[in-house]
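Structure data (PDB, C-alpha atoms, pLDDT in the B column) from coords26.pdb:
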ATOM      1  CA  MET N 290       1.059  -8.320  -2.138  1.00 57.00           C
ATOM      2  CA  MET N 291       4.759  -8.968  -1.769  1.00 54.00           C
ATOM      3  CA  ARG N 292       4.359 -12.303  -3.596  1.00 57.00           C
ATOM      4  CA  VAL N 293       2.744 -10.588  -6.562  1.00 48.00           C
ATOM      5  CA  VAL N 294       5.579  -8.060  -6.792  1.00 46.00           C
ATOM      6  CA  LEU N 295       8.202 -10.795  -6.470  1.00 49.00           C
ATOM      7  CA  LEU N 296       6.475 -12.937  -9.094  1.00 48.00           C
ATOM      8  CA  SER N 297       6.269  -9.962 -11.470  1.00 51.00           C
ATOM      9  CA  LEU N 298       9.973  -9.262 -11.052  1.00 49.00           C
ATOM     10  CA  CYS N 299      10.808 -12.904 -11.760  1.00 47.00           C
ATOM     11  CA  VAL N 300       8.751 -12.853 -14.960  1.00 46.00           C
ATOM     12  CA  LEU N 301      10.417  -9.624 -16.099  1.00 47.00           C
ATOM     13  CA  ALA N 302      13.866 -11.034 -15.362  1.00 50.00           C
ATOM     14  CA  ALA N 303      13.087 -14.149 -17.402  1.00 50.00           C
ATOM     15  CA  MET N 304      11.782 -12.111 -20.353  1.00 47.00           C
ATOM     16  CA  ALA N 305      14.553  -9.471 -20.368  1.00 43.00           C
ATOM     17  CA  PRO N 306      17.018 -11.394 -22.594  1.00 44.00           C
ATOM     18  CA  GLN N 307      14.336 -11.977 -25.231  1.00 43.00           C
ATOM     19  CA  VAL N 308      13.177  -8.362 -25.113  1.00 39.00           C
ATOM     20  CA  ALA N 309      16.760  -7.129 -25.454  1.00 39.00           C
ATOM     21  CA  LEU N 310      17.222  -9.179 -28.642  1.00 39.00           C
ATOM     22  CA  ALA N 311      14.327  -7.568 -30.481  1.00 39.00           C
ATOM     23  CA  GLN N 312      15.681  -4.147 -31.441  1.00 53.00           C
ATOM     24  CA  SER N 313      13.334  -3.189 -34.274  1.00 88.00           C
ATOM     25  CA  TYR N 314      10.704  -4.621 -36.569  1.00 93.00           C
ATOM     26  CA  GLN N 315       9.311  -3.886 -40.048  1.00 94.00           C
ATOM     27  CA  LYS N 316       6.422  -5.246 -42.060  1.00 95.00           C
ATOM     28  CA  TYR N 317       5.853  -5.100 -45.823  1.00 94.00           C
ATOM     29  CA  ASN N 318       2.819  -6.266 -47.795  1.00 93.00           C
ATOM     30  CA  ASP N 319       2.372  -6.268 -51.573  1.00 93.00           C
ATOM     31  CA  GLY N 320      -1.136  -7.747 -51.548  1.00 92.00           C
ATOM     32  CA  LEU N 321       0.059 -11.283 -52.247  1.00 94.00           C
ATOM     33  CA  VAL N 322       2.879 -11.838 -49.758  1.00 95.00           C
ATOM     34  CA  SER N 323       3.293 -10.425 -46.267  1.00 96.00           C
ATOM     35  CA  VAL N 324       6.924  -9.987 -45.167  1.00 97.00           C
ATOM     36  CA  THR N 325       8.187  -9.229 -41.681  1.00 96.00           C
ATOM     37  CA  ALA N 326      11.753  -8.557 -40.640  1.00 96.00           C
ATOM     38  CA  LYS N 327      13.056  -8.294 -37.105  1.00 95.00           C
ATOM     39  CA  LYS N 328      16.523  -7.057 -36.177  1.00 91.00           C
ATOM     40  CA  VAL N 329      18.220  -9.274 -33.587  1.00 89.00           C
ATOM     41  CA  LEU N 330      21.576  -9.213 -31.843  1.00 79.00           C
ATOM     42  CA  GLU N 331      23.530 -12.432 -32.058  1.00 71.00           C
ATOM     43  CA  ALA N 332      25.712 -13.789 -29.269  1.00 69.00           C
ATOM     44  CA  GLU N 333      28.908 -12.302 -30.737  1.00 71.00           C
ATOM     45  CA  GLN N 334      27.226  -8.858 -30.809  1.00 65.00           C
ATOM     46  CA  GLY N 335      26.735  -9.221 -34.534  1.00 80.00           C
ATOM     47  CA  ILE N 336      23.488  -8.090 -36.112  1.00 86.00           C
ATOM     48  CA  ALA N 337      21.144 -10.395 -37.974  1.00 89.00           C
ATOM     49  CA  PHE N 338      17.607 -10.146 -39.290  1.00 93.00           C
ATOM     50  CA  ASP N 339      14.881 -12.751 -38.996  1.00 95.00           C
ATOM     51  CA  VAL N 340      12.960 -12.444 -42.270  1.00 97.00           C
ATOM     52  CA  CYS N 341       9.609 -14.232 -42.659  1.00 97.00           C
ATOM     53  CA  ALA N 342       7.247 -14.427 -45.633  1.00 97.00           C
ATOM     54  CA  GLN N 343       3.687 -15.752 -45.824  1.00 96.00           C
ATOM     55  CA  LEU N 344       1.061 -15.828 -48.556  1.00 95.00           C
ATOM     56  CA  ILE N 345      -1.941 -13.591 -47.927  1.00 94.00           C
ATOM     57  CA  ARG N 346      -4.251 -15.143 -50.515  1.00 92.00           C
ATOM     58  CA  GLN N 347      -4.363 -18.580 -52.072  1.00 90.00           C
ATOM     59  CA  GLU N 348      -2.357 -18.398 -55.267  1.00 89.00           C
ATOM     60  CA  LYS N 349       0.536 -20.283 -56.799  1.00 89.00           C
ATOM     61  CA  VAL N 350       3.709 -18.195 -56.583  1.00 89.00           C
ATOM     62  CA  SER N 351       7.336 -18.661 -57.429  1.00 92.00           C
ATOM     63  CA  PRO N 352      10.072 -18.100 -54.872  1.00 95.00           C
ATOM     64  CA  VAL N 353      10.326 -14.501 -53.707  1.00 95.00           C
ATOM     65  CA  GLU N 354      13.587 -12.652 -53.128  1.00 96.00           C
ATOM     66  CA  ILE N 355      13.370 -10.166 -50.251  1.00 96.00           C
ATOM     67  CA  HIS N 356      15.876  -7.313 -50.300  1.00 95.00           C
ATOM     68  CA  LEU N 357      17.086  -5.439 -47.213  1.00 94.00           C
ATOM     69  CA  ASN N 358      19.040  -2.166 -47.323  1.00 92.00           C
ATOM     70  CA  PHE N 359      21.301  -0.984 -44.491  1.00 91.00           C
ATOM     71  CA  TRP N 360      22.181   2.700 -43.990  1.00 89.00           C
ATOM     72  CA  ARG N 361      24.943   4.553 -42.111  1.00 87.00           C
ATOM     73  CA  ALA N 362      24.306   7.451 -39.744  1.00 83.00           C
ATOM     74  CA  THR N 363      25.652   9.774 -42.460  1.00 85.00           C
ATOM     75  CA  GLY N 364      22.992   8.566 -44.888  1.00 84.00           C
ATOM     76  CA  GLY N 365      25.247   6.493 -47.143  1.00 88.00           C
ATOM     77  CA  ILE N 366      24.400   2.904 -47.868  1.00 88.00           C
ATOM     78  CA  LEU N 367      26.219   0.433 -45.624  1.00 86.00           C
ATOM     79  CA  GLY N 368      25.194  -2.705 -47.470  1.00 87.00           C
ATOM     80  CA  GLN N 369      22.462  -4.895 -48.859  1.00 90.00           C
ATOM     81  CA  ALA N 370      21.301  -8.433 -48.208  1.00 92.00           C
ATOM     82  CA  SER N 371      18.591 -10.711 -49.514  1.00 94.00           C
ATOM     83  CA  ALA N 372      16.761 -13.900 -48.665  1.00 95.00           C
ATOM     84  CA  VAL N 373      14.965 -16.230 -51.084  1.00 96.00           C
ATOM     85  CA  MET N 374      11.883 -18.076 -49.818  1.00 95.00           C
ATOM     86  CA  LEU N 375       8.864 -19.901 -51.147  1.00 95.00           C
ATOM     87  CA  PRO N 376       5.966 -18.540 -49.046  1.00 94.00           C
ATOM     88  CA  GLU N 377       2.950 -20.643 -48.052  1.00 94.00           C
ATOM     89  CA  MET N 378      -0.521 -19.906 -46.675  1.00 92.00           C
ATOM     90  CA  SER N 379      -0.345 -22.286 -43.722  1.00 92.00           C
ATOM     91  CA  ALA N 380       2.630 -20.790 -41.876  1.00 94.00           C
ATOM     92  CA  PRO N 381       5.334 -18.194 -42.438  1.00 95.00           C
ATOM     93  CA  ARG N 382       8.644 -19.298 -43.885  1.00 96.00           C
ATOM     94  CA  CYS N 383      11.556 -17.724 -42.024  1.00 97.00           C
ATOM     95  CA  GLN N 384      15.259 -17.299 -42.600  1.00 96.00           C
ATOM     96  CA  ARG N 385      18.023 -15.529 -40.640  1.00 94.00           C
ATOM     97  CA  VAL N 386      20.125 -13.046 -42.635  1.00 92.00           C
ATOM     98  CA  ALA N 387      23.356 -11.792 -41.070  1.00 86.00           C
ATOM     99  CA  LEU N 388      24.637  -8.265 -41.659  1.00 83.00           C
ATOM    100  CA  GLU N 389      28.098  -8.476 -43.175  1.00 75.00           C
ATOM    101  CA  GLY N 390      30.802  -5.927 -42.441  1.00 69.00           C
ATOM    102  CA  ASN N 391      30.856  -3.230 -39.785  1.00 69.00           C
ATOM    103  CA  ALA N 392      27.551  -3.544 -37.972  1.00 73.00           C
ATOM    104  CA  ALA N 393      28.504  -0.767 -35.532  1.00 74.00           C
ATOM    105  CA  GLN N 394      27.872   1.825 -38.261  1.00 81.00           C
ATOM    106  CA  LEU N 395      24.289   0.643 -38.869  1.00 85.00           C
ATOM    107  CA  GLN N 396      21.873   3.502 -38.245  1.00 86.00           C
ATOM    108  CA  ARG N 397      18.713   2.353 -40.020  1.00 89.00           C
ATOM    109  CA  TRP N 398      17.499  -0.431 -42.262  1.00 92.00           C
ATOM    110  CA  GLU N 399      14.514  -1.205 -44.472  1.00 93.00           C
ATOM    111  CA  ILE N 400      12.786  -3.903 -46.480  1.00 94.00           C
ATOM    112  CA  SER N 401      13.481  -2.357 -49.862  1.00 92.00           C
ATOM    113  CA  ARG N 402      11.616  -4.632 -52.302  1.00 92.00           C
ATOM    114  CA  LEU N 403      10.314  -8.041 -53.238  1.00 94.00           C
ATOM    115  CA  ARG N 404      11.243  -9.738 -56.496  1.00 94.00           C
ATOM    116  CA  TYR N 405       9.462 -12.862 -57.704  1.00 94.00           C
ATOM    117  CA  GLN N 406      11.775 -15.320 -59.404  1.00 92.00           C
ATOM    118  CA  ARG N 407      10.900 -17.369 -62.464  1.00 85.00           C
TER     119      ARG N 407
END

Show how you would write the structure in this file as structure tokens.
Amino acid sequence: MMRVVLLSLCVLAAMAPQVALAQSYQKYNDGLVSVTAKKVLEAEQGIAFDVCAQLIRQEKVSPVEIHLNFWRATGGILGQASAVMLPEMSAPRCQRVALEGNAAQLQRWEISRLRYQR
């Protein structure tokens, strides 16, 4: 029994750094493209977002621009960022987007929209 408890604690200790990095997660789907964004803390205590896009149905699409909005605790907008990707069916395409400016004021964030480029 003691071995099981010790093994469980070792597994939790190994997973703790990865769990601490994932602070929040959002998913957006427009029927053609599925987008996920995960907030992560970088080594310098900066904030970045891992944004991934994948086609849901087989169709030829142009690159998609994914917009993120960042909000202060007071409700005012802190900033915006975007990532441009060409999604595929086989696997998600991912890109890391760093939050510029004062990340300490970040209260909430959202995937605000998708825009297909020509």

Using only C-alpha atoms, the residue out of N:Ser323, N:Asn358, N:Gln384, N:Gln347 with shortest distance to Trp398 in chain N is N:Asn358

- Query: Written as a ChimeraX atom specification, what is the full residue list that the PyMOL selection byres ((chain N and resi 359-375) around 10) yields on the file shown?
  - Reply: /N:338-344,350-358,376-377,381-406

Expected axis-aligned box over every listed atom of range 359-376 of chain N, 8 Å added per side, centre plus edges in Å to one decimal, as JSON:
{"center_x": 16.1, "center_y": -5.1, "center_z": -45.4, "size_x": 36.3, "size_y": 45.7, "size_z": 27.4}

Pairwise distance, CA of Tyr314 in chain N with CA of Ala326 in chain N, equals 5.8 Å

Query raised in the report: What separation in Å, quoted to one decimal, exists between CA of Leu321 in chain N and CA of Arg407 in chain N?
Result: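 CA of Leu321 in chain N sits 16.1 Å away from CA of Arg407 in chain N.
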
What separates CA of Thr325 in chain N and CA of Lys349 in chain N is a distance of 20.2 Å

Can you tell me, as a PyMOL selection string, which residues sit within 8 Å of (13.5, -5.5, -35.4) in the file's frame, using only C-alpha atoms? chain N and resi 311-315+326-329+338

Hey, what's within 9 Å of Arg346 in chain N if we count only C-alpha atoms and toss same-chain stuff fewer than 6 positions away? As a ChimeraX atom specification, please?
-> /N:320-322,378

Can you pull range 336-349 of chain N out of that block with N, CA, C and O atoms and hand it back as a CSV table (one decimal), in the first residue's frame?
chain,number,residue,atom,x,y,z
N,336,ILE,N,2.9,35.8,-20.4
N,336,ILE,CA,1.8,35.0,-20.8
N,336,ILE,C,1.7,34.8,-22.3
N,336,ILE,O,1.9,35.8,-23.0
N,337,ALA,N,1.5,33.6,-22.7
N,337,ALA,CA,1.3,33.3,-24.1
N,337,ALA,C,0.1,32.4,-24.3
N,337,ALA,O,-0.4,31.9,-23.3
N,338,PHE,N,-0.3,32.2,-25.5
N,338,PHE,CA,-1.4,31.4,-25.9
N,338,PHE,C,-1.1,30.5,-27.0
N,338,PHE,O,-0.5,30.9,-28.0
N,339,ASP,N,-1.3,29.2,-26.8
N,339,ASP,CA,-1.1,28.2,-27.8
N,339,ASP,C,-2.5,28.1,-28.6
N,339,ASP,O,-3.5,27.6,-28.0
N,340,VAL,N,-2.5,28.6,-29.8
N,340,VAL,CA,-3.7,28.6,-30.6
N,340,VAL,C,-3.5,27.5,-31.7
N,340,VAL,O,-2.5,27.4,-32.4
N,341,CYS,N,-4.6,26.7,-31.8
N,341,CYS,CA,-4.6,25.6,-32.8
N,341,CYS,C,-5.8,25.6,-33.6
N,341,CYS,O,-6.9,25.9,-33.1
N,342,ALA,N,-5.7,25.3,-34.9
N,342,ALA,CA,-6.9,25.3,-35.8
N,342,ALA,C,-6.9,24.0,-36.6
N,342,ALA,O,-5.8,23.5,-37.0
N,343,GLN,N,-8.1,23.4,-36.8
N,343,GLN,CA,-8.2,22.2,-37.6
N,343,GLN,C,-9.5,22.2,-38.3
N,343,GLN,O,-10.5,22.6,-37.8
N,344,LEU,N,-9.4,21.7,-39.6
N,344,LEU,CA,-10.7,21.6,-40.4
N,344,LEU,C,-11.6,20.6,-39.8
N,344,LEU,O,-11.1,19.5,-39.3
N,345,ILE,N,-12.9,20.8,-39.8
N,345,ILE,CA,-13.9,19.9,-39.3
N,345,ILE,C,-14.4,19.0,-40.5
N,345,ILE,O,-14.7,17.9,-40.3
N,346,ARG,N,-14.6,19.7,-41.6
N,346,ARG,CA,-15.1,18.9,-42.8
N,346,ARG,C,-14.1,19.2,-44.0
N,346,ARG,O,-13.5,20.2,-44.0
N,347,GLN,N,-14.1,18.2,-44.9
N,347,GLN,CA,-13.2,18.3,-46.0
N,347,GLN,C,-13.7,19.4,-47.0
N,347,GLN,O,-14.7,19.3,-47.6
N,348,GLU,N,-12.9,20.5,-47.0
N,348,GLU,CA,-13.2,21.6,-47.9
N,348,GLU,C,-12.0,22.4,-48.1
N,348,GLU,O,-11.1,22.5,-47.2
N,349,LYS,N,-11.8,23.0,-49.2
N,349,LYS,CA,-10.7,23.8,-49.5
N,349,LYS,C,-10.9,25.2,-48.9
N,349,LYS,O,-11.9,25.9,-49.1
